Amino acid sequence: MTVAALSTKPVRRRPRWRTNTTLTLGIALTVGFVAIALVSMLYLPHNPNVPRIQDRLLPAGSPNYLLGTDVLGRDILSQLMVGARTSLMVGAGGALISLLIGTVAGLSAAAFGRWADEGISRGADIMLSIPGMVTALVLAATIGSGALTTILALTAFFTPSFTRVIRSAALSVLQEDFITAARLYGRPTWFILVRHVLPNIAGVMIVQFTLYFAAGILTEAGLSYLGVGVNRPSISWGMMLNEAQQQVGISSPLAMWPGLAIVIVVLGLNLLGDGLRDVLDPKLARRSS
Amino acid sequence: MIPSNNKSFRLAIAMLTASAAILAAVPGMVLAASPRADEDKMILVARQDPGTLDYTTSNLTALRLWIPANVVEPLVYFNKDGSVSPGVAESWTISDDRLTYVFTIRDAKFSNGEPLTVEDVVYSLNTMKESPVSQNSAAYQAVSSIEKTDDKTVTVTLSRPSQNFWSGMGSTAGLIQPEASAETIATNPIGTGPYKLVSYTSNSSFEFTVNENYWGEAPPIKDVSVRIITDGTAGLNALEAGEVDSLPVITIDLWEQLMARGLDKKFSMVTYPQIGEPTYAVINQKLDPELRKALAMTIDRQAYNDAFGASWGAENTCTFALPNQPWYSAESPESCPYPYDIEGAMALVTENDYASIPLEYASLSDVPDLSLPADIMVPTMQAAGFNLTRNAIDLARYSTLIFQGRPPQFDVTVMSGDADPTQWSCADEASAGWSTYCSAEYTQALADADEALTDEDYLALMQKAAQILRDDAVIVPIIAKKGVGLFDPDLKGFVEPRVAVALEFAPLHW
Amino acid sequence: MPVYIARKLAFFLLAVFAASIAIFLLIRGAGGNVAAVILGKDATAEAINALAQQYGLDRPLMVQYVDWIGKLIQGDLGRSFRTNEKVTDLVVSRLSISIPLCVSGLLLGLLIAIPAGTYSALHSDKPLGALIALLSQVGIAVPVFWAGILLSLLFGVKLGWLPTGGWTNWDVSLWGAVRSLVLPVISLGLILGASLTRYVRSAVLDVMNQDYVRTARATGMTRMQALLQVGLRNAALPIATVVGLQIAELIGGTVIIETVFSLPGLSRMILANVSAREVIVVQSTVMLIIIFVMFINLIVDLLYGVLDPRVRLT
């Protein structure tokens, strides 16, 4: 599920029109998603947690409730909007923290000699061999489920993969002639990393961040579906699906909206990531051809 | 000509094969009667996996539904009409002062072929007396000795009369097991019942078959399979598709679906109170009584009932009991000391500045029956102005923080469970249970009732106890859910549970 | 070469050891107590302590760890506290569901991904190639549980062809067991297929740009011929690596699929035992999975060493 979003290999010979379409669509969907999440902080049609039993299970298109209501008469649209906020916070939070840790670890592995490399790379291997879902289950049991726990679990999943990607990107930059020049010039390693390597791998970092952001949303939805992700009063799309399945059955439209929301947002972010890679990451493309 | 014939022949074969495959894949659509009817079999569905079958140390409903009465029998059976039938005890005598009970043990064998002995009975009763499950041990509070009188009789002596003792002998507290098989009770409990357990696969199924050593008449259905399907919708689907013959216990979270799909018409539906459970709020006793009352006033019982879409299966009540218990009363101005009054609650919040008191609501996150009430209760209490925070935790943490926490870590929570009123009795403040409820007055009323010699006295004292519990606003009942079951229309003979919640297979027949 | 193998083996053992400590600490850190869960809400503290003592849960953590790992080394996975069943037996019975589920899901995924990925790599400019690329993009975005819900809605509820959930054991009915696995396998396979398609596609594109394929094509082979004759072997290695990496993910995906379809598989067993704090069951089962995944990685590493001598030097 997570690796899904991570094809690091570039797709070459992509016609320009397709890159443009991908990027445009990706940007449009992602901007829409972020906008809805932001709007949800300022305005919601209804309080998504307050029950209105007399309005329970109204169909989509009912007056006052654009997408209908659930078993307690809570507005579906408002819940979806708050769900977008949760996805944004947890997905982006998990991806960002992993990116930060992974960058530090990956750069260290690439630049500070064989032992650092062995230690960090093997550590990442060990972490990768523990199924992420198990880590998340145990973490939820240990510190209680919730948005922060979910972010922590995502960080545990993603950091080793980030570390690998950053390490290999950094290694290829470190082989370039201008780095050798800088070394001969007597620049300290940290300076070379910050000044020369980081700017050159920024493209990779942005692309990877986008793809992991998407993977984070999927994983969070999965955890919340299992009941070990976020809990009310927070709202997650995965949790809404779980509630719909448990309370009214899968044939209800209540089991459709959150699923659609996840697909659209994840698709948007993946398209954005692919589009960005074509634009930002020509180096990767060159290396593998 | 030949090739063309050959071709059409092949085509015909292909079509035949394809249609056979399609037909084979849709048995539920073509078959009206259950295919099990002719094989003397039935398949029932369980919603929960008990994990262990040791009924002496666990009181999980998931276990008590299937093992008692079918596999392991109590000394006696209490019938719905008030009569008492013999079980493991063939006969019994009760002294007039209700202090001495003499049970004559039946000449019978356990399902493993070993003879039932008086020693087994003494062992079983002593095990239950020491049981960590209070429902089991509570029956023995007045018991001073359990002794073998001769090879046929056991004498139990009480230090005071006890209604609980006698009712316990027809419930899980009175179940009789062979001492020699005590080691394997968790996976293979043995008894004298009409069925024996062939296998239990955790999270998958129980398989039962008739016990050829049973002392009574052999039951009509030979093999019974209880399939564990934790997903409620999947269970309903299996029934609708004809894969199973009955869902004898359908929890409240599925009632909405059940009606929406018209399953109550397609199948025969039974509702019975025994397996029902009260759903109740618990408000920590350490909170000010006035604050507790204000919190209780935010509970709109009809809203909880409507939320499950099942007013036919649950009654609104302020009394901690089920409709089959004589001291039960439905929601009414007389029986509800703190009826729903949100404006009144808001006024009290303002008046007493309750908004300044932070309250923690502990919510058990992995039980749908309890998260739905929590979804109503928390926002309503917040809307009334209480400063309430919801803390969602899983069962193991809930056990640690609340069931075992001393003091328990919550201000408000919601729970659903058996309707035994003695679970709230409490000798002194220090020994208060997880609910934090402790009332000397309530405990005394229950003790008096236990010692009652007549049914009238017993009822009056139980009603008095129920009134004390209501007034204290620590245990605040919301709804009493009934047991609901769906059976294949051809599967007849359902009898309401006699041994606690146990569903008896023996009366069922095609 | 022997040095290379020895180094890899040493790392394997070290990694297993490190993972065992991590798992032990994680689950013990969870707090809660199996004795309390077993005894339920009315149990006294004394009863719980007595039961915990009987299970040996009152001993110092270090002692418990050594006890557990010592037995594990001898092949004794321990027993469930509640049912006293051997963990080995539990795992074996669960694997009769999880292995068919995982393996068929993976096979279905590959069955979709290899032709689709190859086609879309060779014909990216044709409508069908573009359609495959689009479908795999969408497929990646679909959460596996929603795929499961949609499939059971269509084939279970609307058409009534297949059970929407639940499990019929192999020994009860072979046909029933297969039927219960069809929808879970399809859900898993479709989602896996969507993501694998992208890997296959980029692996094939890579290979097609290599000199040996160009040479082959210069001899007059079509693109397909060139790919089949010289390219496939080279594309297989990166694909195999990805599949190896997917195994840990696949196991995670089965937790969800087993939940959607109420299958009593290994992952569901872990889920239930975590919340019941059956620490020995969880530790031993998770360790088995980790050892399995690490073992696969070890084999892949060793294979690389055999196939590509350069790897041995690094």
# chains A, B, ... in the order shown; residues from 1 in each chain; ligands from 1

$ closest_atom_pairs --of "chain A" --to "chain B" --cutoff "7 Å" --atoms "only C-alpha atoms" --output "JSON lines"
{"residue": "A:Asn49", "atom": "CA", "partner": "B:Pro379", "partner_atom": "CA", "distance": 6.6}
{"residue": "A:Val50", "atom": "CA", "partner": "B:Pro379", "partner_atom": "CA", "distance": 5.4}
{"residue": "A:Pro51", "atom": "CA", "partner": "B:Ile376", "partner_atom": "CA", "distance": 6.0}
{"residue": "A:Ile53", "atom": "CA", "partner": "B:Ala303", "partner_atom": "CA", "distance": 6.2}
{"residue": "A:Val71", "atom": "CA", "partner": "B:Ala307", "partner_atom": "CA", "distance": 6.2}
{"residue": "A:Leu72", "atom": "CA", "partner": "B:Ala307", "partner_atom": "CA", "distance": 5.7}
{"residue": "A:Gly144", "atom": "CA", "partner": "B:Ile393", "partner_atom": "CA", "distance": 6.1}
{"residue": "A:Gly227", "atom": "CA", "partner": "B:Asp366", "partner_atom": "CA", "distance": 6.6}
{"residue": "A:Asn231", "atom": "CA", "partner": "B:Ala392", "partner_atom": "CA", "distance": 6.6}
{"residue": "A:Gln247", "atom": "CA", "partner": "B:Asp253", "partner_atom": "CA", "distance": 5.8}
{"residue": "A:Val248", "atom": "CA", "partner": "B:Gln257", "partner_atom": "CA", "distance": 5.6}
{"residue": "A:Gly249", "atom": "CA", "partner": "B:Thr233", "partner_atom": "CA", "distance": 6.1}

$ residues_around --residues "region 97-114 of chain C" --least-positions-apart "6" --cutoff "9 Å" --atoms "only C-alpha atoms" --output "CSV table (one decimal) with N, CA and C atoms, in the first residue's frame"
chain,number,residue,atom,x,y,z
C,169,ASN,N,-14.0,-23.2,7.2
C,169,ASN,CA,-12.7,-23.9,7.3
C,169,ASN,C,-12.5,-24.9,6.2
C,170,TRP,N,-11.3,-25.2,5.8
C,170,TRP,CA,-10.9,-26.1,4.8
C,170,TRP,C,-11.5,-27.5,5.0
C,177,ALA,N,-14.4,-22.8,1.6
C,177,ALA,CA,-13.2,-22.1,2.0
C,177,ALA,C,-12.7,-21.2,0.8
C,181,LEU,N,-12.5,-17.0,0.1
C,181,LEU,CA,-11.2,-16.3,-0.2
C,181,LEU,C,-11.3,-15.5,-1.5
C,182,VAL,N,-12.3,-15.8,-2.3
C,182,VAL,CA,-12.2,-15.2,-3.6
C,182,VAL,C,-12.2,-13.6,-3.6
C,184,PRO,N,-11.6,-11.5,-1.0
C,184,PRO,CA,-10.4,-11.0,-0.4
C,184,PRO,C,-9.2,-11.0,-1.3
C,185,VAL,N,-9.0,-12.1,-2.0
C,185,VAL,CA,-7.8,-12.2,-2.9
C,185,VAL,C,-8.0,-11.2,-4.1
C,186,ILE,N,-9.2,-11.1,-4.6
C,186,ILE,CA,-9.3,-10.1,-5.7
C,186,ILE,C,-9.0,-8.7,-5.2
C,187,SER,N,-9.5,-8.3,-4.1
C,187,SER,CA,-9.3,-7.0,-3.5
C,187,SER,C,-7.8,-6.7,-3.4
C,188,LEU,N,-7.1,-7.7,-2.8
C,188,LEU,CA,-5.7,-7.6,-2.5
C,188,LEU,C,-4.9,-7.5,-3.9
C,189,GLY,N,-5.3,-8.5,-4.8
C,189,GLY,CA,-4.6,-8.6,-6.0
C,189,GLY,C,-4.7,-7.4,-6.9
C,190,LEU,N,-6.0,-6.8,-6.9
C,190,LEU,CA,-6.2,-5.6,-7.8
C,190,LEU,C,-5.3,-4.4,-7.3
C,191,ILE,N,-5.4,-4.2,-6.0
C,191,ILE,CA,-4.6,-3.1,-5.5
C,191,ILE,C,-3.1,-3.3,-5.6
C,192,LEU,N,-2.7,-4.5,-5.4
C,192,LEU,CA,-1.3,-4.8,-5.5
C,192,LEU,C,-0.9,-4.7,-7.0
C,193,GLY,N,-1.8,-5.2,-7.8
C,193,GLY,CA,-1.5,-5.2,-9.3
C,193,GLY,C,-1.3,-3.8,-9.8
C,194,ALA,N,-2.1,-2.9,-9.3
C,194,ALA,CA,-2.0,-1.5,-9.7
C,194,ALA,C,-0.7,-0.9,-9.4
C,195,SER,N,-0.1,-1.2,-8.2
C,195,SER,CA,1.1,-0.6,-7.9
C,195,SER,C,2.3,-1.3,-8.6
C,196,LEU,N,2.2,-2.7,-8.7
C,196,LEU,CA,3.2,-3.4,-9.3
C,196,LEU,C,3.3,-3.1,-10.8
C,197,THR,N,2.2,-2.7,-11.4
C,197,THR,CA,2.2,-2.4,-12.9
C,197,THR,C,3.2,-1.2,-13.1
C,198,ARG,N,3.2,-0.3,-12.2
C,198,ARG,CA,4.1,0.9,-12.4
C,198,ARG,C,5.6,0.4,-12.3
C,199,TYR,N,5.9,-0.5,-11.4
C,199,TYR,CA,7.2,-1.0,-11.3
C,199,TYR,C,7.7,-1.8,-12.5
C,200,VAL,N,6.7,-2.6,-13.0
C,200,VAL,CA,7.0,-3.4,-14.2
C,200,VAL,C,7.3,-2.5,-15.3
C,201,ARG,N,6.4,-1.5,-15.5
C,201,ARG,CA,6.5,-0.6,-16.6
C,201,ARG,C,7.8,0.1,-16.6
C,243,VAL,N,9.1,-7.0,-5.4
C,243,VAL,CA,8.2,-8.0,-4.8
C,243,VAL,C,8.7,-8.4,-3.4
C,247,ILE,N,6.7,-7.7,0.6
C,247,ILE,CA,6.1,-8.7,1.5
C,247,ILE,C,5.7,-8.1,2.8
C,250,LEU,N,2.6,-6.4,2.2
C,250,LEU,CA,1.5,-7.3,2.0
C,250,LEU,C,0.9,-7.8,3.3
C,251,ILE,N,1.8,-8.1,4.2
C,251,ILE,CA,1.4,-8.6,5.5
C,251,ILE,C,0.5,-7.5,6.2
C,254,THR,N,-2.9,-7.4,4.6
C,254,THR,CA,-3.8,-8.5,5.0
C,254,THR,C,-4.5,-8.2,6.3
C,258,GLU,N,-8.3,-9.0,6.1
C,258,GLU,CA,-8.9,-10.0,7.0
C,258,GLU,C,-10.0,-9.4,7.9
C,263,LEU,N,-12.0,-12.6,8.2
C,263,LEU,CA,-11.3,-13.9,8.0
C,263,LEU,C,-10.4,-14.1,9.3
C,264,PRO,N,-10.4,-15.3,9.9
C,264,PRO,CA,-9.6,-15.5,11.1
C,264,PRO,C,-8.2,-15.8,10.7
C,265,GLY,N,-7.5,-14.9,10.1
C,265,GLY,CA,-6.1,-15.1,9.7
C,265,GLY,C,-5.1,-14.7,10.7
C,266,LEU,N,-3.8,-14.8,10.3
C,266,LEU,CA,-2.8,-14.5,11.3
C,266,LEU,C,-2.8,-13.0,11.7
C,267,SER,N,-3.0,-12.1,10.8
C,267,SER,CA,-3.0,-10.7,11.1
C,267,SER,C,-4.1,-10.4,12.1

$ interface_residues --of "chain C" --to "chain A" --cutoff "6 Å" --atoms "only C-alpha atoms" --output "short mmCIF file (atom, residue, chain, number, x, y, z; two decimals) with C-alpha atoms, in the first residue's frame"
data_model
loop_
_atom_site.label_atom_id
_atom_site.label_comp_id
_atom_site.auth_asym_id
_atom_site.auth_seq_id
_atom_site.Cartn_x
_atom_site.Cartn_y
_atom_site.Cartn_z
CA ALA C 15 19.05 -7.91 13.09
CA GLY C 29 5.45 -0.89 27.14
CA ALA C 30 1.80 -1.11 26.16
CA ALA C 141 -5.17 5.67 -4.82
CA VAL C 142 -7.89 3.21 -3.78
CA SER C 195 1.15 -0.60 -7.88
CA ALA C 248 6.21 -6.70 4.69
CA GLY C 252 0.16 -5.17 6.61
CA ILE C 290 10.00 -10.54 11.05
CA VAL C 293 10.80 -11.12 6.04
#

$ select_by_dssp --residues "region 137-379 of chain B" --states "strand (DSSP E)" --output "ChimeraX atom specification"
/B:143-148,153-158,195-201,205-210,223-228,246-247,268-283,314-316,358-364

$ select_by_dssp --residues "region 131-347 of chain B" --states "helix (DSSP H, G or I)" --output "ChimeraX atom specification"
/B:134-140,163-168,172-174,179-184,232-240,252-260,263-266,289-296,301-307,342-347

$ interface_residues --of "chain B" --to "chain C" --cutoff "7 Å" --atoms "only C-alpha atoms" --output "VMD selection string"
chain B and resid 25 to 26 51 to 52 57 to 58 132 to 134 186 to 187 203 to 204 229 to 231 234 237 to 238 394 to 397 399 to 400 403 to 404

$ atom_distance --atom1 "CA of Gly93 (chain A)" --atom2 "CA of Ala35 (chain A)"
16.9 Å

$ residues_around --residues "Phe17 (chain C)" --least-positions-apart "2" --cutoff "12 Å" --atoms "only C-alpha atoms" --output "list in words"
Ile126 of chain A; Ala10, Phe11, Phe12, Leu13, Leu14, Ala15, Ala19, Ser20, Ile21, Ala22, Ile23, Phe24, Tyr65, Val66, Ile69, Gly70, Leu72, Ile73, Met287, Ile290, Ile291 and Met294 of chain C
